[in-house]
Structure formats: structure tokens, C-alpha cells
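As stored in entry_36.tsv (TSV, C-alpha atoms and all ligand atoms):
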chain	number	residue	atom	x	y	z
Y	157	MET	CA	-4.38	11.17	-22.91
Y	158	ASP	CA	-2.51	13.80	-20.86
Y	159	MET	CA	-4.24	16.92	-19.59
Y	160	ASN	CA	-4.20	19.33	-16.67
Y	161	PHE	CA	-6.75	20.07	-14.01
Y	162	GLY	CA	-5.57	23.45	-12.79
Y	163	ASP	CA	-2.01	22.82	-11.57
Y	164	ILE	CA	-2.51	19.08	-11.34
Y	165	PRO	CA	-1.21	16.86	-14.15
Y	166	VAL	CA	-3.74	14.26	-15.23
Y	167	LYS	CA	-3.12	11.07	-17.15
Y	168	VAL	CA	-6.17	9.37	-18.63
Y	169	THR	CA	-6.03	5.66	-19.48
Y	170	TYR	CA	-8.83	4.09	-21.49
Y	171	SER	CA	-9.95	0.51	-21.07
Y	172	ARG	CA	-13.03	-1.69	-21.24
Y	173	ARG	CA	-14.71	-0.58	-18.04
Y	174	ARG	CA	-18.03	0.97	-17.17
Y	175	THR	CA	-17.21	3.85	-14.87
Y	176	LEU	CA	-14.59	6.53	-14.35
Y	177	SER	CA	-12.22	6.16	-11.41
Y	178	MET	CA	-9.08	7.93	-10.30
Y	179	LYS	CA	-6.20	7.90	-7.87
Y	180	PHE	CA	-2.98	9.81	-7.33
Y	181	ASP	CA	0.40	8.25	-8.02
Y	182	VAL	CA	3.28	9.01	-5.63
Y	183	THR	CA	4.45	12.03	-7.65
Y	184	GLY	CA	1.07	13.80	-7.53
Y	185	THR	CA	-0.15	12.92	-11.02
Y	186	LEU	CA	-3.85	12.15	-11.06
Y	187	MET	CA	-4.33	8.81	-12.83
Y	188	VAL	CA	-7.80	8.55	-14.33
Y	189	ASN	CA	-9.21	5.27	-15.63
Y	190	ALA	CA	-11.92	5.84	-18.18
Y	191	PRO	CA	-14.20	3.67	-20.30
Y	192	LEU	CA	-13.43	3.67	-24.03
Y	193	ARG	CA	-14.98	6.56	-25.99
Y	194	VAL	CA	-15.33	8.96	-23.05
Y	195	SER	CA	-14.59	12.51	-24.26
Y	196	GLU	CA	-12.20	14.97	-22.69
Y	197	ALA	CA	-15.19	17.15	-21.74
Y	198	GLU	CA	-16.74	14.22	-19.89
Y	199	VAL	CA	-13.50	13.58	-18.01
Y	200	ARG	CA	-13.36	17.27	-17.11
Y	201	SER	CA	-16.89	17.33	-15.76
Y	202	PHE	CA	-16.08	14.20	-13.71
Y	203	LEU	CA	-13.03	16.00	-12.26
Y	204	ASN	CA	-15.10	19.09	-11.48
Y	205	GLU	CA	-17.64	16.98	-9.65
Y	206	LYS	CA	-14.87	15.40	-7.57
Y	207	SER	CA	-12.86	18.57	-7.00
Y	208	ARG	CA	-13.20	18.40	-3.21
Y	209	TRP	CA	-11.77	14.85	-3.12
Y	210	ILE	CA	-9.00	15.90	-5.53
Y	211	ARG	CA	-8.04	18.92	-3.45
Y	212	THR	CA	-7.84	16.99	-0.16
Y	213	ASN	CA	-5.90	14.09	-1.59
Y	214	TYR	CA	-3.53	16.24	-3.63
Y	215	VAL	CA	-2.39	17.98	-0.45
Y	216	LYS	CA	-1.85	14.60	1.24
Y	217	VAL	CA	0.08	13.09	-1.64
Y	218	MET	CA	2.33	16.15	-2.01
Y	219	ASP	CA	3.11	16.13	1.74
Y	220	LYS	CA	4.15	12.50	1.43
Y	221	ALA	CA	6.23	13.16	-1.69
Y	222	GLU	CA	8.06	15.88	0.23
Y	223	LYS	CA	8.65	13.62	3.23
Y	224	ALA	CA	9.93	10.89	0.91
Y	225	ARG	CA	12.33	13.30	-0.84
Y	226	SER	CA	13.71	14.47	2.50
Y	227	LEU	CA	15.00	10.95	3.24
Y	228	SER	CA	18.41	10.55	1.62
Y	229	VAL	CA	21.81	8.98	2.04
Y	230	GLU	CA	24.01	12.06	1.84
Y	231	GLU	CA	25.92	14.13	4.39
Y	232	GLY	CA	23.32	15.97	6.47
Y	233	GLY	CA	20.48	13.81	5.14
Y	234	ARG	CA	18.30	11.58	7.25
Y	235	VAL	CA	16.86	8.08	7.15
Y	236	LEU	CA	14.35	6.22	9.31
Y	237	TYR	CA	15.09	3.22	11.50
Y	238	LEU	CA	12.45	1.69	13.79
Y	239	GLY	CA	10.53	4.95	13.63
Y	240	GLU	CA	13.50	7.03	14.65
Y	241	GLU	CA	15.08	9.69	12.43
Y	242	LEU	CA	18.82	9.11	12.05
Y	243	SER	CA	21.21	11.82	10.83
Y	244	VAL	CA	23.36	10.59	7.99
Y	245	HIS	CA	27.15	10.88	7.77
Y	246	VAL	CA	29.00	9.77	4.67
Y	247	GLY	CA	32.66	8.79	4.47
Y	248	GLY	CA	35.42	7.70	6.85
Y	249	THR	CA	34.09	4.15	7.18
Y	250	HIS	CA	34.05	0.94	5.16
Y	251	ARG	CA	30.79	-0.33	6.56
Y	252	ILE	CA	27.47	1.05	7.67
Y	253	PHE	CA	27.08	1.56	11.41
Y	254	LYS	CA	24.66	3.28	13.72
Y	255	ILE	CA	25.57	5.07	16.94
Y	256	GLY	CA	22.76	6.68	18.92
Y	257	ASN	CA	20.63	8.58	16.43
Y	258	GLU	CA	23.40	8.89	13.84
Y	259	ILE	CA	24.26	6.51	11.05
Y	260	SER	CA	27.49	6.42	9.03
Y	261	PHE	CA	27.80	5.20	5.45
Y	262	PRO	CA	30.91	4.52	3.32
Y	263	GLU	CA	31.70	6.99	0.54
Y	264	GLY	CA	29.59	6.33	-2.56
Y	265	SER	CA	26.63	4.88	-0.64
Y	266	SER	CA	23.10	5.31	-1.92
Y	267	MET	CA	19.53	4.51	-0.89
Y	268	GLU	CA	20.24	0.97	-2.11
Y	269	SER	CA	23.01	0.63	0.48
Y	270	TYR	CA	20.52	1.70	3.12
Y	271	ALA	CA	17.98	-0.80	1.71
Y	272	SER	CA	20.40	-3.73	1.98
Y	273	TRP	CA	21.33	-2.67	5.51
Y	274	LEU	CA	17.62	-2.63	6.45
Y	275	LYS	CA	17.17	-6.04	4.81
Y	276	SER	CA	19.99	-7.64	6.76
Y	277	ARG	CA	18.71	-6.17	10.04
Y	278	ALA	CA	15.17	-7.30	9.21
Y	279	LYS	CA	16.20	-10.92	8.90
Y	280	GLU	CA	17.10	-11.21	12.54
Y	281	TYR	CA	14.85	-8.58	14.08
Y	282	LEU	CA	11.57	-9.58	12.40
Y	283	THR	CA	12.24	-13.32	12.68
Y	284	VAL	CA	12.93	-13.19	16.42
Y	285	LYS	CA	10.01	-10.84	17.09
Y	286	PHE	CA	7.63	-13.02	15.10
Y	287	ARG	CA	8.78	-16.30	16.61
Y	288	ASN	CA	8.51	-14.98	20.17
Y	289	ARG	CA	5.09	-13.48	19.64
Y	290	ALA	CA	3.76	-16.66	17.98
Y	291	TYR	CA	5.03	-18.73	20.91
Y	292	GLU	CA	3.48	-16.37	23.44
Y	293	MET	CA	0.13	-16.43	21.61
Y	294	GLY	CA	0.32	-20.20	21.21
Y	295	ILE	CA	-0.16	-19.92	17.45
Y	296	THR	CA	1.65	-22.06	14.89
Y	297	TYR	CA	2.63	-21.20	11.32
Y	298	ARG	CA	4.45	-22.97	8.56
Y	299	GLU	CA	7.01	-20.56	7.31
Y	300	LEU	CA	8.09	-16.94	7.72
Y	301	ARG	CA	9.62	-15.10	4.78
Y	302	ILE	CA	11.03	-11.59	4.82
Y	303	THR	CA	10.24	-10.00	1.47
Y	304	GLY	CA	10.65	-6.68	-0.30
Y	305	ALA	CA	6.90	-6.29	-0.79
Y	306	LYS	CA	5.91	-2.73	-1.66
Y	307	SER	CA	2.18	-3.09	-1.57
Y	308	LYS	CA	1.62	-4.56	1.87
Y	309	TRP	CA	3.48	-4.75	5.17
Y	310	GLY	CA	2.64	-8.41	5.73
Y	311	SER	CA	0.54	-11.35	4.58
Y	312	CYS	CA	-0.67	-14.73	5.73
Y	313	SER	CA	-1.75	-17.55	3.42
Y	314	GLU	CA	-4.37	-20.23	4.04
Y	315	THR	CA	-1.57	-22.73	4.54
Y	316	GLY	CA	0.20	-20.69	7.19
Y	317	LYS	CA	2.93	-19.04	5.14
Y	318	ILE	CA	3.62	-15.61	6.53
Y	319	THR	CA	5.48	-12.79	4.84
Y	320	LEU	CA	6.72	-9.56	6.41
Y	321	SER	CA	8.18	-6.72	4.36
Y	322	TRP	CA	11.65	-5.54	5.42
Y	323	HIS	CA	10.32	-2.01	4.85
Y	324	LEU	CA	8.80	-2.46	8.32
Y	325	MET	CA	12.29	-1.75	9.71
Y	326	MET	CA	11.59	1.95	9.07
Y	327	CYS	CA	8.43	1.88	11.21
Y	328	PRO	CA	8.02	2.34	14.98
Y	329	GLU	CA	8.34	-0.89	16.97
Y	330	GLU	CA	4.68	-0.81	18.10
Y	331	CYS	CA	3.62	-0.71	14.45
Y	332	ILE	CA	5.78	-3.75	13.68
Y	333	GLU	CA	4.27	-5.46	16.70
Y	334	TYR	CA	0.82	-4.70	15.32
Y	335	VAL	CA	1.61	-6.25	11.91
Y	336	VAL	CA	3.00	-9.36	13.63
Y	337	ILE	CA	-0.16	-9.71	15.74
Y	338	HIS	CA	-2.37	-9.01	12.70
Y	339	GLU	CA	-0.78	-11.80	10.65
Y	340	LEU	CA	-0.81	-14.24	13.56
Y	341	CYS	CA	-4.52	-13.54	14.16
Y	342	HIS	CA	-5.09	-14.56	10.53
Y	343	ARG	CA	-4.14	-18.06	11.68
Y	344	LEU	CA	-7.39	-17.92	13.67
Y	345	TYR	CA	-9.51	-16.00	11.13
Y	346	MET	CA	-8.53	-15.76	7.47
Y	347	ASP	CA	-10.71	-12.69	6.91
Y	348	HIS	CA	-11.09	-9.19	8.32
Y	349	SER	CA	-14.32	-10.03	10.15
Y	350	LYS	CA	-15.53	-8.52	13.42
Y	351	GLU	CA	-14.18	-11.64	15.17
Y	352	PHE	CA	-10.77	-11.13	13.63
Y	353	TRP	CA	-10.51	-7.49	14.77
Y	354	ALA	CA	-11.76	-8.46	18.25
Y	355	GLU	CA	-8.90	-10.97	18.44
Y	356	VAL	CA	-6.37	-8.29	17.39
Y	357	GLU	CA	-7.77	-5.84	19.91
Y	358	LYS	CA	-7.56	-8.41	22.69
Y	359	ARG	CA	-3.80	-8.71	22.06
Y	360	MET	CA	-3.24	-5.02	21.40
Y	361	PRO	CA	-5.96	-2.69	22.75
Y	362	ASP	CA	-4.52	0.43	21.04
Y	363	TYR	CA	-3.91	-1.25	17.66
Y	364	LYS	CA	-5.98	1.33	15.72
Y	365	LYS	CA	-3.39	4.03	16.34
Y	366	HIS	CA	-0.61	1.85	14.91
Y	367	LYS	CA	-2.72	0.70	11.98
Y	368	LYS	CA	-3.41	4.34	11.13
Y	369	TRP	CA	0.30	5.19	11.27
Y	370	LEU	CA	1.05	2.39	8.82
Y	371	ASP	CA	-1.80	3.46	6.51
Y	372	ASP	CA	-0.59	7.07	6.56
Y	373	ASN	CA	3.03	6.08	5.97
Y	374	SER	CA	2.68	3.38	3.33
Y	375	TYR	CA	4.71	5.68	1.04
Y	376	LEU	CA	7.75	4.42	2.96
Y	377	MET	CA	7.51	1.21	0.94
Y	378	ASP	CA	8.33	3.28	-2.16
Y	379	VAL	CA	11.22	5.20	-0.61
Y	380	VAL	CA	13.72	2.35	-0.89
N	401	ZN	ZN	-5.10	-8.87	7.16

Conversion result in C-alpha cells:
Amino acid sequence: MDMNFGDIPVKVTYSRRRTLSMKFDVTGTLMVNAPLRVSEAEVRSFLNEKSRWIRTNYVKVMDKAEKARSLSVEEGGRVLYLGEELSVHVGGTHRIFKIGNEISFPEGSSMESYASWLKSRAKEYLTVKFRNRAYEMGITYRELRITGAKSKWGSCSETGKITLSWHLMMCPEECIEYVVIHELCHRLYMDHSKEFWAEVEKRMPDYKKHKKWLDDNSYLMDVV
């Protein structure tokens, strides 16, 4: 069912569940999950109860949507690389290259061109960074894969298979460093226990700042 809550579009999905829950999608539509046979009036009173949460999060999600829209591969546009904003030029070249804080794209390039450029850079950059850090920490792993994951920056399996998302190439270097340390510390603790976080903090005392940046900017995984 589609409805509106003031200016906010709301999409209600019914399923076998016991309680109402909601979250915003990247475009600012409020996605409500409702148990079967809940009436529109009941959904509305739920939304009214949660109006403070809705207001706060709507502002956040719209800010992110605007930031995401402002990244584009067109003359005068901008993209992110290692946390730095690069001004985009299009045309006059057959390949993508970066000079200082400017980046040039061939005519007809799109966000996909930027994505494949990020991917190819990620292969070397993330692999070297990870390998060096693992060596320095004296931690072993089985395999490192660079993936296009859009839900998490990195992962570590029980068997020591690590993944890092190439979307990290848009993030500041300290944030990448934090994800690398985070995944390596999972080789010592497979959970997010107090011991695990103590281990992370030992390697990176100001990790909370970088973790927050990544949490606040996870929309970047949806940009390309
Ligand atoms: Zn973790």
C-alpha cells in the first residue's frame, strides 16, 4: 500500500510478522513493514508515534541523497577518490587520468567508467595495504578478495577469507586503514566483543572517528 505522511512518501509492505517496523530507502521513501491485516489507521498512528524519529532521519537521508546526486561524471562535476573531491573534466583524452585534484574522462564516460577505474585502482592499493598491515600485525589470512559489496565495507570469514569492497577507494585513507585493521582483528576474535574492540583500539586509538565516518557515508556504496 502507498500513502503519504505529510510530504513523505510511504510504502507499506505486509508480511507474516508480529510488529511494525520502518526504515528509509536512499530516495527518502519511508518503507514500512507491517503484519498482515493491519489497517491504514493503525499504520498512521504508528507513524504519528514515531514522528520524531521520522523527522530526524528524513533530514539525514535527504542530505545524503543530495550529496550522492552531486557526484557525477560530467564537465564541472565531481567525484571522490581516497576522501578527496576531484573536479571532473570530460573529453580530450582516451583514458581516465588524475592530476592533482582533477580527473579527466574520455567523451561519453559515465559513473560506470568511474566505477571500473576505482575497481582497477582498488586491486593494487587495497591488496598492498592489506598485505603490509597483516605482516606488521603478524596476522595470517587465507585469501583476500576485492568485491563490489554494497552492504558492507569488508568481511572476514571463520576460515580466514577476507573481502574488501572497492567502494572503499572513495573513502579517506585512515578509514580504509580502519577497515583493514578491523578485518584483521577478526582473525583474533570472530565477534564484536569488548576484547575485539580493545584489540582494534590498541592498533588504532582514534578508530571511532573513522568508524563514524564510514557509518555516516555508507551511501557511497550506492553511488556507483
Ligand atoms: Zn566486524

* Would you list the residues that come within 8 Å of ligand ZN 401 (chain N)? Count all atoms listed in the file and give the answer as a VMD selection string. => chain Y and resid 310 to 312 338 to 339 342 346 to 348

* Asked: In Å, with one decimal, what is the gap from CA of Ser226 (chain Y) to CA of Leu238 (chain Y)?
  ->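 Interatomic distance, CA of Ser226 (chain Y) to CA of Leu238 (chain Y): 17.1 Å.
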
* **Who sits within 9 Å of region 221-225 of chain Y, only C-alpha atoms, same chain under 2 positions skipped, as an MDAnalysis selection string** => chainID Y and resid 182:184 216:219 227:228 375:376 378:379

* Asked: What is the CA of Val284 (chain Y) to CA of Ala354 (chain Y) distance in Å?
  -> 25.2 Å

* Coordinates-based distance that separates CA of Leu282 (chain Y) from CA of Ile252 (chain Y) (Å, one decimal) ->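 One can read the CA of Ile252 (chain Y) to CA of Leu282 (chain Y) distance as 19.7 Å.
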
Let me have the centre and edge lengths of the axis-aligned box enclosing all listed atoms of region 270-281 of chain Y with 8 Å padding on every side, in Å to one decimal, as lines of an AutoDock Vina configuration file.
center_x = 18.1
center_y = -4.8
center_z = 7.9
size_x = 22.5
size_y = 28.9
size_z = 28.4

* Polymer residues at most 9 Å from Ala305 (chain Y), all atoms listed in the file, same-chain spacing of 5 or more positions, as a VMD selection string -> chain Y and resid 310 319 to 323 377

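Within 7 Å of the file-frame point (28.4, 14.9, 3.8), and using only C-alpha atoms, the polymer residues found are Glu230, Glu231, Gly232, His245 and Val246 of chain Y.
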
* May I ask which of the residues Y:Ile295, Y:Val229, Y:Ala290, Y:Phe180 is the closest one to Phe261 (chain Y), counting only C-alpha atoms? =>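 Smallest separation from Phe261 (chain Y) among the options: Y:Val229.
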
* Which protein, DNA or RNA residues have an atom at most 10 Å from (-1.7, 14.4, -25.8), counting all atoms listed in the file? List them as a ChimeraX atom specification. -> /Y:157-159,167-168

Give me a file of those residues, with C-alpha atoms, as a tab-separated table (two decimals), keeping the file's coordinate frame.
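For reference, again_22.tsv as written:
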chain	number	residue	atom	x	y	z
Y	157	MET	CA	-4.38	11.17	-22.91
Y	158	ASP	CA	-2.51	13.80	-20.86
Y	159	MET	CA	-4.24	16.92	-19.59
Y	167	LYS	CA	-3.12	11.07	-17.15
Y	168	VAL	CA	-6.17	9.37	-18.63

* Asked: Which one of Y:Thr296, Y:Ser374, Y:Thr169, Y:Asn288 sits closest to Leu324 (chain Y) if you count all atoms listed in the file?
  ->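 Using all atoms listed in the file, Leu324 (chain Y) sits closest to Y:Ser374.
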
* **Residue contacts of Tyr270 (chain Y) (9 Å, all atoms listed in the file) excluding same-chain residues fewer than 2 positions away, as number ranges by chain** => Y: 229, 235, 252, 261, 265-268, 272-275, 380

* Quick one: everything within 12 Å of region 355-360 of chain Y, counting all atoms listed in the file, minus sequence neighbours fewer than 3 positions away in the same chain. Send it as a ChimeraX atom specification. => /Y:289-290,292-293,330-352,363-367

Keeping C-alpha atoms, export the residues of the selection given above as a CSV table (one decimal), keeping the file's coordinate frame.
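File selection-v1.csv, as written:
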chain,number,residue,atom,x,y,z
Y,289,ARG,CA,5.1,-13.5,19.6
Y,290,ALA,CA,3.8,-16.7,18.0
Y,292,GLU,CA,3.5,-16.4,23.4
Y,293,MET,CA,0.1,-16.4,21.6
Y,330,GLU,CA,4.7,-0.8,18.1
Y,331,CYS,CA,3.6,-0.7,14.4
Y,332,ILE,CA,5.8,-3.8,13.7
Y,333,GLU,CA,4.3,-5.5,16.7
Y,334,TYR,CA,0.8,-4.7,15.3
Y,335,VAL,CA,1.6,-6.2,11.9
Y,336,VAL,CA,3.0,-9.4,13.6
Y,337,ILE,CA,-0.2,-9.7,15.7
Y,338,HIS,CA,-2.4,-9.0,12.7
Y,339,GLU,CA,-0.8,-11.8,10.6
Y,340,LEU,CA,-0.8,-14.2,13.6
Y,341,CYS,CA,-4.5,-13.5,14.2
Y,342,HIS,CA,-5.1,-14.6,10.5
Y,343,ARG,CA,-4.1,-18.1,11.7
Y,344,LEU,CA,-7.4,-17.9,13.7
Y,345,TYR,CA,-9.5,-16.0,11.1
Y,346,MET,CA,-8.5,-15.8,7.5
Y,347,ASP,CA,-10.7,-12.7,6.9
Y,348,HIS,CA,-11.1,-9.2,8.3
Y,349,SER,CA,-14.3,-10.0,10.2
Y,350,LYS,CA,-15.5,-8.5,13.4
Y,351,GLU,CA,-14.2,-11.6,15.2
Y,352,PHE,CA,-10.8,-11.1,13.6
Y,363,TYR,CA,-3.9,-1.2,17.7
Y,364,LYS,CA,-6.0,1.3,15.7
Y,365,LYS,CA,-3.4,4.0,16.3
Y,366,HIS,CA,-0.6,1.8,14.9
Y,367,LYS,CA,-2.7,0.7,12.0

I'd like the contact shell of Pro262 (chain Y) - 10 Å cut-off, all atoms listed in the file, skipping same-chain residues fewer than 6 positions apart - returned as an mmCIF file with C-alpha atoms, keeping the file's coordinate frame.
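The result, stored in around-v3.cif:
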data_model
loop_
_atom_site.group_PDB
_atom_site.id
_atom_site.type_symbol
_atom_site.label_atom_id
_atom_site.label_comp_id
_atom_site.auth_asym_id
_atom_site.auth_seq_id
_atom_site.Cartn_x
_atom_site.Cartn_y
_atom_site.Cartn_z
ATOM 1 C CA HIS Y 245 27.150 10.880 7.770
ATOM 2 C CA VAL Y 246 29.000 9.770 4.670
ATOM 3 C CA GLY Y 247 32.660 8.790 4.470
ATOM 4 C CA GLY Y 248 35.420 7.700 6.850
ATOM 5 C CA THR Y 249 34.090 4.150 7.180
ATOM 6 C CA HIS Y 250 34.050 0.940 5.160
ATOM 7 C CA ARG Y 251 30.790 -0.330 6.560
ATOM 8 C CA ILE Y 252 27.470 1.050 7.670
ATOM 9 C CA PHE Y 253 27.080 1.560 11.410
ATOM 10 C CA SER Y 269 23.010 0.630 0.480
#

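Among the candidate residues Y:Glu196, Y:Glu205, Y:Glu241, Y:Asp181, the one lying nearest to Met326 (chain Y) is Y:Glu241, with distances computed using all atoms listed in the file.
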
* Of the listed residues Y:Leu186, Y:Ala271, Y:Ile318, Y:Leu370, that which approaches Gly162 (chain Y) most closely, counting all atoms listed in the file ->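 When distances to Gly162 (chain Y) are compared using all atoms listed in the file, the smallest one comes from Y:Leu186.
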
* Counting only C-alpha atoms, figure out which residue out of Y:Thr315, Y:Asp163, Y:Ser243, Y:Arg174 gets nearest to Ser260 (chain Y). =>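 Selected residue with least distance to Ser260 (chain Y): Y:Ser243.
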
* Among listed residues Y:Arg193, Y:Arg211, Y:Lys306, Y:Arg277, nearest Leu176 (chain Y) (using all atoms listed in the file) ->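 Smallest distance to Leu176 (chain Y) is found for Y:Arg193.
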